[in-house]
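Participant: model_34.txt is reproduced below (compact mmCIF, N, CA and C atoms).
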# COMPACT_ATOMS: atom_id res chain seq x y z
N MET A 509 4.15 -16.31 -15.36
CA MET A 509 5.12 -15.27 -15.13
C MET A 509 4.89 -14.68 -13.74
N ARG A 510 5.97 -14.34 -13.05
CA ARG A 510 5.89 -13.79 -11.71
C ARG A 510 5.86 -12.26 -11.79
N TRP A 511 4.99 -11.67 -10.96
CA TRP A 511 4.81 -10.22 -10.90
C TRP A 511 5.03 -9.72 -9.49
N LEU A 512 5.49 -8.48 -9.37
CA LEU A 512 5.65 -7.81 -8.08
C LEU A 512 4.77 -6.57 -8.09
N ALA A 513 4.01 -6.40 -7.02
CA ALA A 513 3.16 -5.22 -6.90
C ALA A 513 3.42 -4.54 -5.57
N GLU A 514 3.51 -3.23 -5.59
CA GLU A 514 3.53 -2.43 -4.37
C GLU A 514 2.19 -1.72 -4.30
N VAL A 515 1.41 -2.08 -3.30
CA VAL A 515 0.07 -1.53 -3.14
C VAL A 515 0.09 -0.51 -2.01
N HIS A 516 -0.37 0.69 -2.30
CA HIS A 516 -0.45 1.77 -1.32
C HIS A 516 -1.93 1.94 -0.94
N VAL A 517 -2.23 1.74 0.34
CA VAL A 517 -3.60 1.88 0.84
C VAL A 517 -3.63 3.11 1.74
N ARG A 518 -4.55 4.03 1.44
CA ARG A 518 -4.65 5.28 2.20
C ARG A 518 -6.11 5.53 2.56
N LEU A 519 -6.30 6.25 3.67
CA LEU A 519 -7.65 6.68 4.02
C LEU A 519 -8.13 7.71 3.02
N ARG A 520 -9.40 7.67 2.72
CA ARG A 520 -9.99 8.66 1.81
C ARG A 520 -9.93 10.05 2.47
N PRO A 521 -9.85 11.11 1.66
CA PRO A 521 -9.91 12.45 2.23
C PRO A 521 -11.19 12.63 3.04
N GLY A 522 -11.10 13.31 4.16
CA GLY A 522 -12.26 13.54 5.00
C GLY A 522 -12.47 12.47 6.06
N ILE A 523 -11.79 11.34 5.96
CA ILE A 523 -11.89 10.28 6.98
C ILE A 523 -10.88 10.60 8.08
N ALA A 524 -11.34 10.61 9.33
CA ALA A 524 -10.44 10.89 10.46
C ALA A 524 -9.30 9.88 10.49
N ASP A 525 -8.12 10.36 10.82
CA ASP A 525 -6.92 9.51 10.86
C ASP A 525 -6.25 9.64 12.23
N PRO A 526 -6.75 8.92 13.25
CA PRO A 526 -6.17 9.04 14.59
C PRO A 526 -4.70 8.62 14.64
N GLU A 527 -4.31 7.64 13.84
CA GLU A 527 -2.90 7.23 13.81
C GLU A 527 -2.03 8.36 13.28
N GLY A 528 -2.46 9.01 12.23
CA GLY A 528 -1.73 10.14 11.67
C GLY A 528 -1.64 11.29 12.66
N GLN A 529 -2.74 11.55 13.39
CA GLN A 529 -2.74 12.62 14.40
C GLN A 529 -1.76 12.31 15.53
N THR A 530 -1.71 11.06 15.94
CA THR A 530 -0.77 10.65 16.99
C THR A 530 0.67 10.82 16.53
N ILE A 531 0.95 10.42 15.30
CA ILE A 531 2.30 10.57 14.75
C ILE A 531 2.67 12.05 14.67
N ALA A 532 1.75 12.89 14.18
CA ALA A 532 2.02 14.32 14.07
C ALA A 532 2.32 14.91 15.45
N GLY A 533 1.52 14.54 16.45
CA GLY A 533 1.76 15.04 17.81
C GLY A 533 3.11 14.59 18.36
N GLY A 534 3.47 13.36 18.10
CA GLY A 534 4.77 12.84 18.54
C GLY A 534 5.92 13.58 17.89
N LEU A 535 5.81 13.84 16.59
CA LEU A 535 6.87 14.57 15.90
C LEU A 535 7.01 15.99 16.44
N ARG A 536 5.86 16.64 16.69
CA ARG A 536 5.92 17.99 17.25
C ARG A 536 6.55 17.99 18.64
N SER A 537 6.23 16.97 19.44
CA SER A 537 6.81 16.91 20.79
C SER A 537 8.32 16.64 20.75
N LEU A 538 8.81 16.11 19.65
CA LEU A 538 10.25 15.89 19.48
C LEU A 538 10.95 17.11 18.88
N GLY A 539 10.21 18.18 18.70
CA GLY A 539 10.82 19.40 18.20
C GLY A 539 10.61 19.68 16.73
N PHE A 540 9.87 18.85 16.04
CA PHE A 540 9.59 19.07 14.62
C PHE A 540 8.32 19.91 14.51
N ASP A 541 8.42 21.16 14.94
CA ASP A 541 7.26 22.04 15.06
C ASP A 541 6.60 22.37 13.73
N SER A 542 7.32 22.25 12.64
CA SER A 542 6.75 22.61 11.34
C SER A 542 5.87 21.51 10.74
N VAL A 543 5.79 20.36 11.41
CA VAL A 543 4.97 19.26 10.88
C VAL A 543 3.50 19.66 10.96
N GLY A 544 2.83 19.58 9.84
CA GLY A 544 1.40 19.87 9.78
C GLY A 544 0.62 18.57 9.89
N GLU A 545 -0.21 18.32 8.91
CA GLU A 545 -1.02 17.11 8.91
C GLU A 545 -0.18 15.89 8.53
N VAL A 546 -0.44 14.79 9.19
CA VAL A 546 0.17 13.50 8.85
C VAL A 546 -0.98 12.54 8.55
N ARG A 547 -0.88 11.84 7.45
CA ARG A 547 -1.85 10.80 7.10
C ARG A 547 -1.11 9.47 7.05
N ALA A 548 -1.57 8.50 7.79
CA ALA A 548 -0.94 7.18 7.83
C ALA A 548 -1.59 6.29 6.77
N GLY A 549 -0.85 5.30 6.33
CA GLY A 549 -1.37 4.35 5.36
C GLY A 549 -0.60 3.05 5.46
N LYS A 550 -0.80 2.20 4.47
CA LYS A 550 -0.12 0.91 4.43
C LYS A 550 0.57 0.74 3.09
N LEU A 551 1.71 0.11 3.12
CA LEU A 551 2.41 -0.30 1.91
C LEU A 551 2.50 -1.81 1.95
N LEU A 552 1.94 -2.47 0.95
CA LEU A 552 1.96 -3.92 0.87
C LEU A 552 2.76 -4.32 -0.36
N ARG A 553 3.67 -5.25 -0.21
CA ARG A 553 4.44 -5.77 -1.34
C ARG A 553 3.98 -7.19 -1.61
N LEU A 554 3.55 -7.42 -2.83
CA LEU A 554 2.99 -8.72 -3.21
C LEU A 554 3.81 -9.33 -4.34
N SER A 555 3.98 -10.62 -4.28
CA SER A 555 4.61 -11.39 -5.35
C SER A 555 3.61 -12.48 -5.73
N PHE A 556 3.30 -12.58 -7.02
CA PHE A 556 2.28 -13.54 -7.45
C PHE A 556 2.47 -13.91 -8.91
N GLU A 557 1.78 -14.93 -9.34
CA GLU A 557 1.85 -15.43 -10.71
C GLU A 557 0.65 -14.93 -11.51
N ALA A 558 0.90 -14.53 -12.75
CA ALA A 558 -0.17 -14.18 -13.69
C ALA A 558 0.39 -14.37 -15.10
N ALA A 559 -0.49 -14.64 -16.04
CA ALA A 559 -0.07 -14.95 -17.41
C ALA A 559 0.56 -13.75 -18.12
N ASP A 560 0.01 -12.54 -17.90
CA ASP A 560 0.50 -11.36 -18.59
C ASP A 560 0.13 -10.12 -17.77
N ARG A 561 0.52 -8.94 -18.27
CA ARG A 561 0.28 -7.69 -17.52
C ARG A 561 -1.21 -7.46 -17.27
N GLU A 562 -2.03 -7.70 -18.26
CA GLU A 562 -3.47 -7.48 -18.10
C GLU A 562 -4.03 -8.37 -16.99
N ALA A 563 -3.63 -9.63 -16.96
CA ALA A 563 -4.09 -10.53 -15.91
C ALA A 563 -3.55 -10.11 -14.55
N ALA A 564 -2.31 -9.63 -14.50
CA ALA A 564 -1.71 -9.18 -13.24
C ALA A 564 -2.45 -7.95 -12.72
N GLU A 565 -2.74 -6.99 -13.60
CA GLU A 565 -3.49 -5.79 -13.19
C GLU A 565 -4.85 -6.19 -12.64
N GLY A 566 -5.52 -7.09 -13.33
CA GLY A 566 -6.82 -7.56 -12.87
C GLY A 566 -6.74 -8.25 -11.51
N ALA A 567 -5.69 -9.04 -11.32
CA ALA A 567 -5.53 -9.74 -10.04
C ALA A 567 -5.32 -8.75 -8.89
N VAL A 568 -4.44 -7.76 -9.10
CA VAL A 568 -4.18 -6.78 -8.04
C VAL A 568 -5.44 -5.98 -7.75
N SER A 569 -6.15 -5.58 -8.78
CA SER A 569 -7.40 -4.85 -8.59
C SER A 569 -8.39 -5.66 -7.75
N SER A 570 -8.54 -6.93 -8.06
CA SER A 570 -9.44 -7.81 -7.31
C SER A 570 -8.98 -7.98 -5.87
N MET A 571 -7.66 -8.15 -5.67
CA MET A 571 -7.14 -8.29 -4.31
C MET A 571 -7.48 -7.06 -3.48
N CYS A 572 -7.32 -5.88 -4.09
CA CYS A 572 -7.61 -4.64 -3.36
C CYS A 572 -9.09 -4.53 -3.03
N ARG A 573 -9.95 -4.80 -3.99
CA ARG A 573 -11.39 -4.70 -3.76
C ARG A 573 -11.89 -5.71 -2.74
N GLN A 574 -11.34 -6.93 -2.76
CA GLN A 574 -11.87 -8.00 -1.93
C GLN A 574 -11.26 -8.07 -0.53
N LEU A 575 -10.02 -7.59 -0.35
CA LEU A 575 -9.39 -7.77 0.96
C LEU A 575 -8.49 -6.62 1.40
N LEU A 576 -7.65 -6.11 0.52
CA LEU A 576 -6.57 -5.22 0.95
C LEU A 576 -7.03 -3.82 1.35
N ALA A 577 -8.13 -3.33 0.78
CA ALA A 577 -8.61 -1.99 1.09
C ALA A 577 -10.12 -2.01 1.31
N ASN A 578 -10.57 -1.24 2.28
CA ASN A 578 -12.00 -1.07 2.51
C ASN A 578 -12.46 0.08 1.60
N PRO A 579 -13.22 -0.21 0.54
CA PRO A 579 -13.55 0.83 -0.43
C PRO A 579 -14.40 1.96 0.14
N VAL A 580 -15.04 1.76 1.27
CA VAL A 580 -15.83 2.82 1.89
C VAL A 580 -14.92 3.88 2.49
N MET A 581 -13.79 3.45 3.08
CA MET A 581 -12.92 4.36 3.82
C MET A 581 -11.55 4.57 3.19
N GLU A 582 -11.13 3.68 2.29
CA GLU A 582 -9.75 3.71 1.80
C GLU A 582 -9.69 3.72 0.28
N THR A 583 -8.56 4.20 -0.21
CA THR A 583 -8.24 4.10 -1.62
C THR A 583 -7.00 3.22 -1.75
N ALA A 584 -6.86 2.58 -2.88
CA ALA A 584 -5.67 1.75 -3.13
C ALA A 584 -5.16 2.05 -4.53
N ASP A 585 -3.86 2.22 -4.64
CA ASP A 585 -3.23 2.30 -5.95
C ASP A 585 -1.97 1.46 -5.88
N TRP A 586 -1.44 1.10 -7.04
CA TRP A 586 -0.32 0.18 -7.04
C TRP A 586 0.61 0.42 -8.21
N GLU A 587 1.81 -0.09 -8.02
CA GLU A 587 2.83 -0.13 -9.06
C GLU A 587 3.09 -1.60 -9.32
N LEU A 588 3.14 -1.96 -10.57
CA LEU A 588 3.28 -3.36 -10.96
C LEU A 588 4.47 -3.51 -11.88
N ARG A 589 5.25 -4.56 -11.66
CA ARG A 589 6.37 -4.84 -12.56
C ARG A 589 6.61 -6.35 -12.61
N ALA A 590 7.17 -6.77 -13.73
CA ALA A 590 7.53 -8.18 -13.88
C ALA A 590 8.74 -8.47 -13.00
N ASP A 591 8.73 -9.62 -12.34
CA ASP A 591 9.86 -10.05 -11.51
C ASP A 591 10.84 -10.77 -12.41
N GLU A 592 11.99 -10.16 -12.59
CA GLU A 592 12.97 -10.72 -13.50
C GLU A 592 14.03 -11.55 -12.79
N GLU A 593 13.95 -11.61 -11.46
CA GLU A 593 14.94 -12.38 -10.71
C GLU A 593 14.24 -13.54 -10.01
N PRO A 594 14.88 -14.71 -9.96
CA PRO A 594 14.29 -15.83 -9.23
C PRO A 594 14.28 -15.52 -7.74
N PRO A 595 13.31 -16.05 -6.98
CA PRO A 595 13.25 -15.77 -5.54
C PRO A 595 14.45 -16.38 -4.82
N ASP A 596 14.92 -15.70 -3.76
CA ASP A 596 16.00 -16.23 -2.94
C ASP A 596 15.52 -17.48 -2.22
N GLU A 597 16.42 -18.41 -1.99
CA GLU A 597 16.08 -19.62 -1.26
C GLU A 597 15.62 -19.28 0.16
N GLU A 598 16.26 -18.27 0.77
CA GLU A 598 15.93 -17.88 2.13
C GLU A 598 14.51 -17.32 2.22
N GLU A 599 14.04 -16.62 1.18
CA GLU A 599 12.71 -16.03 1.19
C GLU A 599 11.62 -17.06 0.95
N ALA A 600 11.94 -18.14 0.28
CA ALA A 600 10.94 -19.13 -0.09
C ALA A 600 10.44 -19.93 1.08
Take the structure in this file and express it as C-alpha cells.
Facilitator:
Amino acid sequence: MRWLAEVHVRLRPGIADPEGQTIAGGLRSLGFDSVGEVRAGKLLRLSFEAADREAAEGAVSSMCRQLLANPVMETADWELRADEEPPDEEEA
C-alpha cells in the first residue's frame, strides 16, 4: 500500500536560528514591523510503500531518526495518510 507523509522538521527550542533571524529582519525592513520571532524549518513530502499504518509509522520514524532530522538540534513530526490516488504519469 502507498502512503504519503508530510514531515515537519524544526530546530529545537533554544537553538539559534540565523535563517529565521534573517527572515524576520527582512520582513521588518519591508514594513512588517509587528513581526517578532521567526523560526525556519523544513517541510518534506514523502511517498512510499508499506504494508499497513503501523509499518508506515515505523518507516517514517526511522527515516527521521536516520536522515531527515538531526536529533541533537531538531525535532520532527509528521502527518501520515494512505494514498488513494494512483501517481500521475508526469510525476513518475
Participant: Smallest atom-to-atom distance to Glu582 (chain A): which of A:Arg547, A:Arg520, A:Arg561, A:Arg536, using all atoms listed in the file?
Facilitator: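 Ranked by minimum distance to Glu582 (chain A), first place goes to A:Arg520.
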Participant: Rounded to one decimal, what separation in Å do you get between CA of Pro521 (chain A) and CA of Arg553 (chain A)?
Facilitator: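 One can read the CA of Pro521 (chain A) to CA of Arg553 (chain A) distance as 23.5 Å.
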Participant: Residues near Arg518 (chain A), anyone? I mean within 8 Å using all atoms listed in the file, not counting same-chain ones fewer than 3 positions away, as a list of chain:residue names.
Facilitator: A:Val515, A:Pro521, A:Arg547, A:Ala548, A:Gly549, A:Lys550, A:Leu551, A:Ala577, A:Met581, A:Glu582, A:Thr583, A:Ala584, A:Asp585
Participant: What does the structure give for the distance between atom N of Gly544 (chain A) and atom N of Gly522 (chain A), in Å to one decimal?
Facilitator: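 Computing it gives 16.3 Å between the two atoms.
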Participant: If I take CA of Trp511 (chain A) and CA of Gly566 (chain A), how far is one from the other in Å, to one decimal?
Facilitator: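 Computing it gives 12.1 Å between the two atoms.
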Participant: List every residue of chain A that DSSP, applied to the backbone of this structure, assigns to helix (DSSP H, G or I), and report them as a PyMOL selection string.
Facilitator: chain A and resi 526-537+561-576
Participant: Only N, CA and C atoms, please: the residues just picked out, written as a CSV table (one decimal), in the frame of the given file.
Facilitator:
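Resulting contents of again26.csv:
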chain,number,residue,atom,x,y,z
A,526,PRO,N,-6.8,8.9,13.2
A,526,PRO,CA,-6.2,9.0,14.6
A,526,PRO,C,-4.7,8.6,14.6
A,527,GLU,N,-4.3,7.6,13.8
A,527,GLU,CA,-2.9,7.2,13.8
A,527,GLU,C,-2.0,8.4,13.3
A,528,GLY,N,-2.5,9.0,12.2
A,528,GLY,CA,-1.7,10.1,11.7
A,528,GLY,C,-1.6,11.3,12.7
A,529,GLN,N,-2.7,11.6,13.4
A,529,GLN,CA,-2.7,12.6,14.4
A,529,GLN,C,-1.8,12.3,15.5
A,530,THR,N,-1.7,11.1,15.9
A,530,THR,CA,-0.8,10.6,17.0
A,530,THR,C,0.7,10.8,16.5
A,531,ILE,N,1.0,10.4,15.3
A,531,ILE,CA,2.3,10.6,14.8
A,531,ILE,C,2.7,12.0,14.7
A,532,ALA,N,1.8,12.9,14.2
A,532,ALA,CA,2.0,14.3,14.1
A,532,ALA,C,2.3,14.9,15.4
A,533,GLY,N,1.5,14.5,16.4
A,533,GLY,CA,1.8,15.0,17.8
A,533,GLY,C,3.1,14.6,18.4
A,534,GLY,N,3.5,13.4,18.1
A,534,GLY,CA,4.8,12.8,18.5
A,534,GLY,C,5.9,13.6,17.9
A,535,LEU,N,5.8,13.8,16.6
A,535,LEU,CA,6.9,14.6,15.9
A,535,LEU,C,7.0,16.0,16.4
A,536,ARG,N,5.9,16.6,16.7
A,536,ARG,CA,5.9,18.0,17.2
A,536,ARG,C,6.6,18.0,18.6
A,537,SER,N,6.2,17.0,19.4
A,537,SER,CA,6.8,16.9,20.8
A,537,SER,C,8.3,16.6,20.8
A,561,ARG,N,0.5,-8.9,-18.3
A,561,ARG,CA,0.3,-7.7,-17.5
A,561,ARG,C,-1.2,-7.5,-17.3
A,562,GLU,N,-2.0,-7.7,-18.3
A,562,GLU,CA,-3.5,-7.5,-18.1
A,562,GLU,C,-4.0,-8.4,-17.0
A,563,ALA,N,-3.6,-9.6,-17.0
A,563,ALA,CA,-4.1,-10.5,-15.9
A,563,ALA,C,-3.6,-10.1,-14.6
A,564,ALA,N,-2.3,-9.6,-14.5
A,564,ALA,CA,-1.7,-9.2,-13.2
A,564,ALA,C,-2.4,-8.0,-12.7
A,565,GLU,N,-2.7,-7.0,-13.6
A,565,GLU,CA,-3.5,-5.8,-13.2
A,565,GLU,C,-4.8,-6.2,-12.6
A,566,GLY,N,-5.5,-7.1,-13.3
A,566,GLY,CA,-6.8,-7.6,-12.9
A,566,GLY,C,-6.7,-8.2,-11.5
A,567,ALA,N,-5.7,-9.0,-11.3
A,567,ALA,CA,-5.5,-9.7,-10.0
A,567,ALA,C,-5.3,-8.8,-8.9
A,568,VAL,N,-4.4,-7.8,-9.1
A,568,VAL,CA,-4.2,-6.8,-8.0
A,568,VAL,C,-5.4,-6.0,-7.8
A,569,SER,N,-6.2,-5.6,-8.8
A,569,SER,CA,-7.4,-4.8,-8.6
A,569,SER,C,-8.4,-5.7,-7.8
A,570,SER,N,-8.5,-6.9,-8.1
A,570,SER,CA,-9.4,-7.8,-7.3
A,570,SER,C,-9.0,-8.0,-5.9
A,571,MET,N,-7.7,-8.2,-5.7
A,571,MET,CA,-7.1,-8.3,-4.3
A,571,MET,C,-7.5,-7.1,-3.5
A,572,CYS,N,-7.3,-5.9,-4.1
A,572,CYS,CA,-7.6,-4.6,-3.4
A,572,CYS,C,-9.1,-4.5,-3.0
A,573,ARG,N,-10.0,-4.8,-4.0
A,573,ARG,CA,-11.4,-4.7,-3.8
A,573,ARG,C,-11.9,-5.7,-2.7
A,574,GLN,N,-11.3,-6.9,-2.8
A,574,GLN,CA,-11.9,-8.0,-1.9
A,574,GLN,C,-11.3,-8.1,-0.5
A,575,LEU,N,-10.0,-7.6,-0.4
A,575,LEU,CA,-9.4,-7.8,1.0
A,575,LEU,C,-8.5,-6.6,1.4
A,576,LEU,N,-7.6,-6.1,0.5
A,576,LEU,CA,-6.6,-5.2,1.0
A,576,LEU,C,-7.0,-3.8,1.4
Participant: Which one is closest to Pro526 (chain A): A:Leu538, A:Val580, A:Val546, A:Leu512? Count only C-alpha atoms.
Facilitator: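 The shortest atom-to-atom distance to Pro526 (chain A) comes from A:Val546.
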Participant: I need the strand (DSSP E) residues of chain A per DSSP on the backbone, written as a list in words.
Facilitator: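 Assigned to strand (DSSP E), within chain A: Arg510, Trp511, Leu512, Ala513, Glu514, Val515, His516, Val517, Arg518, Leu519, Gly549, Lys550, Leu551, Leu552, Arg553, Leu554, Ser555, Phe556, Glu557, Glu582, Thr583, Ala584, Asp585, Trp586, Glu587, Leu588, Arg589 and Ala590 of chain A.
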Participant: Any chance you can output those residues with N, CA and C atoms as a short mmCIF file (atom, residue, chain, number, x, y, z; two decimals), in the coordinates of the input?
Facilitator:
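File produced: part_22.cif:
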data_model
loop_
_atom_site.label_atom_id
_atom_site.label_comp_id
_atom_site.auth_asym_id
_atom_site.auth_seq_id
_atom_site.Cartn_x
_atom_site.Cartn_y
_atom_site.Cartn_z
N ARG A 510 5.97 -14.34 -13.05
CA ARG A 510 5.89 -13.79 -11.71
C ARG A 510 5.86 -12.26 -11.79
N TRP A 511 4.99 -11.67 -10.96
CA TRP A 511 4.81 -10.22 -10.90
C TRP A 511 5.03 -9.72 -9.49
N LEU A 512 5.49 -8.48 -9.37
CA LEU A 512 5.65 -7.81 -8.08
C LEU A 512 4.77 -6.57 -8.09
N ALA A 513 4.01 -6.40 -7.02
CA ALA A 513 3.16 -5.22 -6.90
C ALA A 513 3.42 -4.54 -5.57
N GLU A 514 3.51 -3.23 -5.59
CA GLU A 514 3.53 -2.43 -4.37
C GLU A 514 2.19 -1.72 -4.30
N VAL A 515 1.41 -2.08 -3.30
CA VAL A 515 0.07 -1.53 -3.14
C VAL A 515 0.09 -0.51 -2.01
N HIS A 516 -0.37 0.69 -2.30
CA HIS A 516 -0.45 1.77 -1.32
C HIS A 516 -1.93 1.94 -0.94
N VAL A 517 -2.23 1.74 0.34
CA VAL A 517 -3.60 1.88 0.84
C VAL A 517 -3.63 3.11 1.74
N ARG A 518 -4.55 4.03 1.44
CA ARG A 518 -4.65 5.28 2.20
C ARG A 518 -6.11 5.53 2.56
N LEU A 519 -6.30 6.25 3.67
CA LEU A 519 -7.65 6.68 4.02
C LEU A 519 -8.13 7.71 3.02
N GLY A 549 -0.85 5.30 6.33
CA GLY A 549 -1.37 4.35 5.36
C GLY A 549 -0.60 3.05 5.46
N LYS A 550 -0.80 2.20 4.47
CA LYS A 550 -0.12 0.91 4.43
C LYS A 550 0.57 0.74 3.09
N LEU A 551 1.71 0.11 3.12
CA LEU A 551 2.41 -0.30 1.91
C LEU A 551 2.50 -1.81 1.95
N LEU A 552 1.94 -2.47 0.95
CA LEU A 552 1.96 -3.92 0.87
C LEU A 552 2.76 -4.32 -0.36
N ARG A 553 3.67 -5.25 -0.21
CA ARG A 553 4.44 -5.77 -1.34
C ARG A 553 3.98 -7.19 -1.61
N LEU A 554 3.55 -7.42 -2.83
CA LEU A 554 2.99 -8.72 -3.21
C LEU A 554 3.81 -9.33 -4.34
N SER A 555 3.98 -10.62 -4.28
CA SER A 555 4.61 -11.39 -5.35
C SER A 555 3.61 -12.48 -5.73
N PHE A 556 3.30 -12.58 -7.02
CA PHE A 556 2.28 -13.54 -7.45
C PHE A 556 2.47 -13.91 -8.91
N GLU A 557 1.78 -14.93 -9.34
CA GLU A 557 1.85 -15.43 -10.71
C GLU A 557 0.65 -14.93 -11.51
N GLU A 582 -11.13 3.68 2.29
CA GLU A 582 -9.75 3.71 1.80
C GLU A 582 -9.69 3.72 0.28
N THR A 583 -8.56 4.20 -0.21
CA THR A 583 -8.24 4.10 -1.62
C THR A 583 -7.00 3.22 -1.75
N ALA A 584 -6.86 2.58 -2.88
CA ALA A 584 -5.67 1.75 -3.13
C ALA A 584 -5.16 2.05 -4.53
N ASP A 585 -3.86 2.22 -4.64
CA ASP A 585 -3.23 2.30 -5.95
C ASP A 585 -1.97 1.46 -5.88
N TRP A 586 -1.44 1.10 -7.04
CA TRP A 586 -0.32 0.18 -7.04
C TRP A 586 0.61 0.42 -8.21
N GLU A 587 1.81 -0.09 -8.02
CA GLU A 587 2.83 -0.13 -9.06
C GLU A 587 3.09 -1.60 -9.32
N LEU A 588 3.14 -1.96 -10.57
CA LEU A 588 3.28 -3.36 -10.96
C LEU A 588 4.47 -3.51 -11.88
N ARG A 589 5.25 -4.56 -11.66
CA ARG A 589 6.37 -4.84 -12.56
C ARG A 589 6.61 -6.35 -12.61
N ALA A 590 7.17 -6.77 -13.73
CA ALA A 590 7.53 -8.18 -13.88
C ALA A 590 8.74 -8.47 -13.00
#
Participant: Once 6 Å is added on each side, what centre and edge lengths in Å to one decimal does the axis-aligned box around all listed atoms of region 571-589 of chain A have, as JSON?
Facilitator:
{"center_x": -4.6, "center_y": -1.9, "center_z": -4.4, "size_x": 34.4, "size_y": 24.9, "size_z": 28.4}
